[in-house]
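Chemist: This is the content of query.txt (compact mmCIF, C-alpha atoms and all ligand atoms):
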# COMPACT_ATOMS: atom_id res chain seq x y z
CA MET A 1 -5.41 5.46 -31.47
CA LEU A 2 -1.77 4.81 -30.68
CA LEU A 3 -2.23 1.16 -31.65
CA GLU A 4 -4.05 2.08 -34.88
CA LYS A 5 -1.33 4.49 -35.87
CA GLY A 6 1.33 1.91 -35.12
CA TYR A 7 3.09 3.95 -32.43
CA VAL A 8 2.68 1.24 -29.82
CA ASP A 9 3.40 -2.46 -30.11
CA PRO A 10 0.29 -4.22 -28.72
CA ALA A 11 2.38 -7.15 -27.46
CA ALA A 12 4.60 -4.80 -25.47
CA LEU A 13 1.55 -3.07 -24.01
CA ASP A 14 -0.03 -6.39 -23.03
CA LEU A 15 3.19 -7.44 -21.35
CA ILE A 16 3.35 -4.28 -19.25
CA VAL A 17 -0.28 -4.61 -18.13
CA GLU A 18 0.12 -8.32 -17.40
CA THR A 19 3.29 -7.72 -15.41
CA TYR A 20 1.64 -5.19 -13.12
CA GLU A 21 -1.54 -7.26 -12.81
CA THR A 22 0.00 -10.64 -12.05
CA LYS A 23 3.70 -10.43 -11.22
CA ILE A 24 3.76 -7.15 -9.33
CA GLY A 25 0.96 -6.73 -6.88
CA PRO A 26 0.06 -6.32 -3.22
CA ARG A 27 1.77 -9.63 -2.49
CA ASN A 28 5.08 -7.78 -2.81
CA GLY A 29 4.06 -5.22 -0.23
CA ALA A 30 2.73 -7.95 2.06
CA ARG A 31 6.15 -9.63 2.06
CA VAL A 32 7.77 -6.34 3.00
CA VAL A 33 5.30 -5.79 5.86
CA ALA A 34 5.74 -9.34 7.18
CA ARG A 35 9.51 -8.88 7.20
CA ALA A 36 9.16 -5.60 9.10
CA TRP A 37 6.96 -7.34 11.69
CA THR A 38 9.55 -10.04 12.32
CA ASP A 39 12.87 -8.25 11.80
CA PRO A 40 13.36 -5.04 13.84
CA ALA A 41 16.53 -4.11 11.97
CA PHE A 42 14.72 -4.36 8.63
CA LYS A 43 11.82 -2.33 10.03
CA ALA A 44 14.22 0.42 11.06
CA ARG A 45 15.74 0.46 7.57
CA LEU A 46 12.27 0.46 6.00
CA LEU A 47 11.07 3.45 7.99
CA ALA A 48 14.34 5.31 7.41
CA ASP A 49 14.41 4.79 3.63
CA GLY A 50 11.55 2.84 2.07
CA THR A 51 12.96 2.90 -1.45
CA LYS A 52 16.27 1.39 -0.35
CA ALA A 53 14.71 -1.19 1.98
CA VAL A 54 12.26 -2.61 -0.59
CA ALA A 55 15.12 -2.80 -3.08
CA GLU A 56 16.50 -5.56 -0.80
CA PHE A 57 13.60 -7.66 -2.20
CA GLY A 58 14.35 -6.50 -5.72
CA PHE A 59 11.28 -4.28 -5.74
CA GLY A 60 11.65 -0.91 -7.42
CA GLY A 61 11.51 0.79 -10.74
CA ARG A 62 8.70 2.70 -12.34
CA GLN A 63 6.12 4.44 -10.14
CA GLY A 64 7.99 3.45 -7.01
CA GLU A 65 11.07 5.62 -7.16
CA HIS A 66 10.61 7.41 -3.84
CA LEU A 67 8.75 5.37 -1.30
CA GLN A 68 8.00 6.49 2.23
CA VAL A 69 6.68 3.94 4.71
CA VAL A 70 4.40 5.23 7.46
CA GLU A 71 3.75 3.14 10.55
CA ASN A 72 0.38 2.63 12.20
CA THR A 73 0.26 2.54 15.99
CA HIS A 74 -2.51 2.53 18.57
CA ASP A 75 -2.27 6.34 18.66
CA LEU A 76 -1.87 7.05 14.95
CA HIS A 77 -3.50 5.61 11.83
CA ASN A 78 -2.19 6.53 8.38
CA LEU A 79 -4.32 6.84 5.25
CA VAL A 80 -2.96 7.32 1.73
CA VAL A 81 -4.62 9.18 -1.12
CA CYS A 82 -3.64 11.06 -4.25
CA THR A 83 -5.89 14.10 -4.33
CA LEU A 84 -4.61 15.19 -7.73
CA CYS A 85 -4.86 11.95 -9.69
CA SER A 86 -3.88 8.38 -8.82
CA CYS A 87 -0.22 8.23 -7.71
CA TYR A 88 0.37 4.89 -6.03
CA PRO A 89 3.39 2.74 -5.11
CA TRP A 90 3.28 0.32 -8.05
CA SER A 91 6.49 -1.45 -7.04
CA VAL A 92 4.93 -2.85 -3.87
CA LEU A 93 1.16 -2.71 -4.50
CA GLY A 94 0.77 -3.16 -8.27
CA LEU A 95 -1.99 -1.20 -9.98
CA PRO A 96 -4.34 0.98 -7.92
CA PRO A 97 -7.93 -0.16 -7.33
CA VAL A 98 -10.64 1.75 -9.19
CA TRP A 99 -11.95 3.44 -6.03
CA TYR A 100 -8.50 4.86 -5.29
CA LYS A 101 -8.74 6.84 -8.52
CA SER A 102 -12.33 7.96 -7.96
CA ALA A 103 -13.16 11.60 -7.22
CA PRO A 104 -15.30 10.78 -4.14
CA TYR A 105 -12.44 8.90 -2.43
CA ARG A 106 -9.89 11.56 -3.29
CA ALA A 107 -12.10 14.34 -1.95
CA LYS A 108 -13.48 12.61 1.12
CA ALA A 109 -10.14 11.17 2.26
CA VAL A 110 -8.87 14.63 3.11
CA MET A 111 -12.17 16.15 4.31
CA ASP A 112 -13.49 13.25 6.35
CA PRO A 113 -10.91 10.48 6.73
CA ARG A 114 -12.77 8.88 9.63
CA GLY A 115 -15.89 8.76 7.46
CA VAL A 116 -13.91 7.08 4.67
CA LEU A 117 -12.65 4.47 7.13
CA GLY A 118 -16.25 3.86 8.18
CA ASP A 119 -17.21 3.36 4.52
CA PHE A 120 -14.59 0.60 4.47
CA GLY A 121 -15.89 -0.90 7.71
CA VAL A 122 -12.96 0.31 9.80
CA PHE A 123 -13.84 1.91 13.12
CA LEU A 124 -10.97 3.19 15.23
CA PRO A 125 -11.14 4.46 18.81
CA PRO A 126 -11.70 8.24 18.97
CA SER A 127 -8.29 8.54 20.65
CA THR A 128 -6.53 7.27 17.51
CA ARG A 129 -5.45 10.19 15.35
CA ILE A 130 -5.67 9.83 11.59
CA ARG A 131 -2.99 11.26 9.35
CA VAL A 132 -3.67 11.58 5.63
CA TRP A 133 -0.77 11.41 3.19
CA ASP A 134 -1.22 13.00 -0.24
CA SER A 135 0.86 11.14 -2.80
CA THR A 136 2.64 12.75 -5.70
CA ALA A 137 4.47 11.50 -8.76
CA GLU A 138 7.73 11.97 -6.81
CA LEU A 139 6.75 10.57 -3.44
CA ARG A 140 4.49 7.59 -2.76
CA TYR A 141 3.45 6.03 0.52
CA LEU A 142 3.05 2.56 1.93
CA VAL A 143 1.29 2.02 5.25
CA LEU A 144 2.91 -0.39 7.69
CA PRO A 145 -0.17 -1.80 9.44
CA MET A 146 -0.15 -3.01 13.03
CA ARG A 147 0.67 -6.68 13.46
CA PRO A 148 -2.49 -8.52 14.53
CA GLU A 149 -2.62 -9.98 18.01
CA GLY A 150 -2.45 -13.75 18.26
CA THR A 151 0.23 -14.12 15.58
CA GLU A 152 3.21 -14.61 17.89
CA GLY A 153 5.75 -16.99 16.44
CA TRP A 154 4.19 -17.02 12.97
CA SER A 155 6.43 -17.36 9.92
CA GLU A 156 6.86 -14.44 7.53
CA GLU A 157 4.90 -16.32 4.90
CA ARG A 158 1.95 -16.89 7.20
CA LEU A 159 2.06 -13.30 8.39
CA ALA A 160 2.08 -12.03 4.80
CA ASP A 161 -1.32 -13.67 4.31
CA CYS A 162 -2.70 -11.27 6.95
CA VAL A 163 -1.57 -8.22 5.00
CA THR A 164 -4.25 -6.99 2.63
CA ARG A 165 -3.84 -4.38 -0.05
CA ASP A 166 -6.23 -2.06 1.78
CA ALA A 167 -4.23 -2.42 5.01
CA MET A 168 -1.23 -1.01 3.12
CA ILE A 169 -3.28 1.93 1.78
CA GLY A 170 -4.76 2.57 5.21
CA THR A 171 -8.38 1.86 4.28
CA GLY A 172 -8.18 -1.48 6.07
CA LEU A 173 -6.47 -3.27 8.93
CA ALA A 174 -4.36 -6.40 8.80
CA ARG A 175 -6.46 -9.56 9.02
CA ARG A 176 -6.57 -11.15 12.45
CA PRO A 177 -6.34 -14.91 12.92
CA GLY A 178 -9.82 -16.28 12.41
CA ASP A 179 -11.01 -13.39 10.21
CA ALA A 180 -12.52 -14.55 6.93
CA ALA A 181 -10.04 -14.37 4.10
FE FE B 1 -1.47 11.18 -8.64
Please lay out the structure from this file as structure tokens.
Ligand code: FE

Modeler:
Amino acid sequence: MLLEKGYVDPAALDLIVETYETKIGPRNGARVVARAWTDPAFKARLLADGTKAVAEFGFGGRQGEHLQVVENTHDLHNLVVCTLCSCYPWSVLGLPPVWYKSAPYRAKAVMDPRGVLGDFGVFLPPSTRIRVWDSTAELRYLVLPMRPEGTEGWSEERLADCVTRDAMIGTGLARRPGDAA
């Protein structure tokens, strides 16, 4: 309707969609995670102020204004949802996947997070607590997954290949060496 009425320039709209689909995507977040795995000082800055730390890469802007990074450990696994709608850290993950916006995910993530992880094929030890973060338009979350074992001495670039989009939402784990891509 907006296009028909001439309120929106279709070329401008295409450019925005294309930018978030191809130029801004989970690859950005993966670079941030890989840096945090290899640079303790950066990791400290990232956990202290996610927005400021990702700005070191030039990542920021719309839908990523206030970013909080939450770290997975053996004792604690973080899972991100937006129960209200689909708030998501665009600056580091691009556009949200369809399931992230679906009512079943949004409802089940808070009621049965361990069940959701199982749906994604992730099975954590019972001793690992799961914390669910409900995103808002003002505050969005990025999960810092655990660095896979067997990656000692790897370059940031190689490590970034282990970092999947789902690992940064919390519905997955970082790929281990030898896992299928
Ligand atoms: Fe939302």

Chemist: Please identify every polymer residue within 8 Å of ligand FE 1 (chain B), using all atoms listed in the file, and present the set as a list of chain:residue names.

Modeler: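 My answer, listing the contacting residues, is A:Cys82, A:Thr83, A:Leu84, A:Cys85, A:Ser86, A:Cys87, A:Tyr88, A:Ser135, A:Thr136, A:Ala137.
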
Chemist: Produce a file of the selected residues containing C-alpha atoms, as a compact mmCIF listing (two decimals), in the frame of the given file.

Modeler:
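Saved to result_8.txt:
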# COMPACT_ATOMS: atom_id res chain seq x y z
CA CYS A 82 -3.64 11.06 -4.25
CA THR A 83 -5.89 14.10 -4.33
CA LEU A 84 -4.61 15.19 -7.73
CA CYS A 85 -4.86 11.95 -9.69
CA SER A 86 -3.88 8.38 -8.82
CA CYS A 87 -0.22 8.23 -7.71
CA TYR A 88 0.37 4.89 -6.03
CA SER A 135 0.86 11.14 -2.80
CA THR A 136 2.64 12.75 -5.70
CA ALA A 137 4.47 11.50 -8.76

Chemist: Which of these, A:Gly170, A:Gly178, A:Pro10, A:Gly150, has the shortest distance to A:Tyr100 once you count all atoms listed in the file?

Modeler: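 Using all atoms listed in the file, A:Tyr100 sits closest to A:Gly170.
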
Chemist: Determine the nearest neighbour of A:Gly115 from the options A:Lys52, A:Ile130, A:Glu71, A:His66, counting all atoms listed in the file.

Modeler: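 Among A:Lys52, A:Ile130, A:Glu71, A:His66, it is A:Ile130 that comes nearest to A:Gly115.
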
Chemist: Residues near stretch 74-81 of chain A, anyone? I mean within 10 Å using all atoms listed in the file, not counting same-chain ones fewer than 6 positions away, as a ChimeraX atom specification.

Modeler: /A:87-88,100-101,105-110,113-114,116-117,124-136,140-146,166-173

Chemist: Kindly export the residues of the current selection with C-alpha atoms, as an mmCIF file, in the frame of the given file.

Modeler:
data_model
loop_
_atom_site.group_PDB
_atom_site.id
_atom_site.type_symbol
_atom_site.label_atom_id
_atom_site.label_comp_id
_atom_site.auth_asym_id
_atom_site.auth_seq_id
_atom_site.Cartn_x
_atom_site.Cartn_y
_atom_site.Cartn_z
ATOM 1 C CA CYS A 87 -0.220 8.230 -7.710
ATOM 2 C CA TYR A 88 0.370 4.890 -6.030
ATOM 3 C CA TYR A 100 -8.500 4.860 -5.290
ATOM 4 C CA LYS A 101 -8.740 6.840 -8.520
ATOM 5 C CA TYR A 105 -12.440 8.900 -2.430
ATOM 6 C CA ARG A 106 -9.890 11.560 -3.290
ATOM 7 C CA ALA A 107 -12.100 14.340 -1.950
ATOM 8 C CA LYS A 108 -13.480 12.610 1.120
ATOM 9 C CA ALA A 109 -10.140 11.170 2.260
ATOM 10 C CA VAL A 110 -8.870 14.630 3.110
ATOM 11 C CA PRO A 113 -10.910 10.480 6.730
ATOM 12 C CA ARG A 114 -12.770 8.880 9.630
ATOM 13 C CA VAL A 116 -13.910 7.080 4.670
ATOM 14 C CA LEU A 117 -12.650 4.470 7.130
ATOM 15 C CA LEU A 124 -10.970 3.190 15.230
ATOM 16 C CA PRO A 125 -11.140 4.460 18.810
ATOM 17 C CA PRO A 126 -11.700 8.240 18.970
ATOM 18 C CA SER A 127 -8.290 8.540 20.650
ATOM 19 C CA THR A 128 -6.530 7.270 17.510
ATOM 20 C CA ARG A 129 -5.450 10.190 15.350
ATOM 21 C CA ILE A 130 -5.670 9.830 11.590
ATOM 22 C CA ARG A 131 -2.990 11.260 9.350
ATOM 23 C CA VAL A 132 -3.670 11.580 5.630
ATOM 24 C CA TRP A 133 -0.770 11.410 3.190
ATOM 25 C CA ASP A 134 -1.220 13.000 -0.240
ATOM 26 C CA SER A 135 0.860 11.140 -2.800
ATOM 27 C CA THR A 136 2.640 12.750 -5.700
ATOM 28 C CA ARG A 140 4.490 7.590 -2.760
ATOM 29 C CA TYR A 141 3.450 6.030 0.520
ATOM 30 C CA LEU A 142 3.050 2.560 1.930
ATOM 31 C CA VAL A 143 1.290 2.020 5.250
ATOM 32 C CA LEU A 144 2.910 -0.390 7.690
ATOM 33 C CA PRO A 145 -0.170 -1.800 9.440
ATOM 34 C CA MET A 146 -0.150 -3.010 13.030
ATOM 35 C CA ASP A 166 -6.230 -2.060 1.780
ATOM 36 C CA ALA A 167 -4.230 -2.420 5.010
ATOM 37 C CA MET A 168 -1.230 -1.010 3.120
ATOM 38 C CA ILE A 169 -3.280 1.930 1.780
ATOM 39 C CA GLY A 170 -4.760 2.570 5.210
ATOM 40 C CA THR A 171 -8.380 1.860 4.280
ATOM 41 C CA GLY A 172 -8.180 -1.480 6.070
ATOM 42 C CA LEU A 173 -6.470 -3.270 8.930
#

Chemist: Would you compute the distance between atom CA of A:Thr164 and atom CA of A:Asp14? Give it in Å to one decimal.

Modeler: 26.0 Å

Chemist: Counting only C-alpha atoms, which of A:Lys5, A:Arg147, A:Arg27, A:Lys43 gets nearest to A:Thr73?

Modeler: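 Of the candidates, the smallest distance to A:Thr73 is held by A:Arg147.
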
Chemist: Calculate how many Å separate atom CA of A:Ala34 from atom CA of A:Pro97, rounding to one decimal.

Modeler: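 Atom-to-atom, atom CA of A:Ala34 and atom CA of A:Pro97 are spaced 21.9 Å apart.
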
Chemist: Could you check how far atom CA of A:Leu67 sits from atom CA of A:Leu93, in Å to one decimal?

Modeler: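 Atom-to-atom, atom CA of A:Leu67 and atom CA of A:Leu93 are spaced 11.5 Å apart.
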
Chemist: For A:Arg158, which residue out of A:Phe57, A:Trp37, A:Phe123, A:Trp99 is the nearest one, using all atoms listed in the file?

Modeler: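 With all atoms listed in the file as the atom set, the closest residue is A:Trp37.
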
Chemist: So, with only C-alpha atoms as the atoms that count, which of A:Glu65, A:Thr19, A:Leu13, A:Leu3 lies closest to A:Glu138?

Modeler: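 Ranking A:Glu65, A:Thr19, A:Leu13, A:Leu3 by distance to A:Glu138, first place goes to A:Glu65.
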
Chemist: Which residue, A:Thr38, A:Gly121, A:Asp49, A:Met1, has the smallest gap to A:Gly153 when you use all atoms listed in the file?

Modeler: A:Thr38

Chemist: Excluding A:Gly50 and any residue of its chain fewer than 4 positions from it, enumerate the residues within 8 Å of it, using only C-alpha atoms, and give them as a list in words.

Modeler: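 Counting only C-alpha atoms, the residues come to Arg45, Leu46, Val54, His66, Leu67, Gln68 and Val69 of chain A.
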
Chemist: How about saving the chosen residues, C-alpha atoms kept, as a PDB file, in the coordinates of the input?

Modeler:
ATOM      1  CA  ARG A  45      15.740   0.460   7.570  1.00  0.00           C
ATOM      2  CA  LEU A  46      12.270   0.460   6.000  1.00  0.00           C
ATOM      3  CA  VAL A  54      12.260  -2.610  -0.590  1.00  0.00           C
ATOM      4  CA  HIS A  66      10.610   7.410  -3.840  1.00  0.00           C
ATOM      5  CA  LEU A  67       8.750   5.370  -1.300  1.00  0.00           C
ATOM      6  CA  GLN A  68       8.000   6.490   2.230  1.00  0.00           C
ATOM      7  CA  VAL A  69       6.680   3.940   4.710  1.00  0.00           C
TER       8      VAL A  69
END
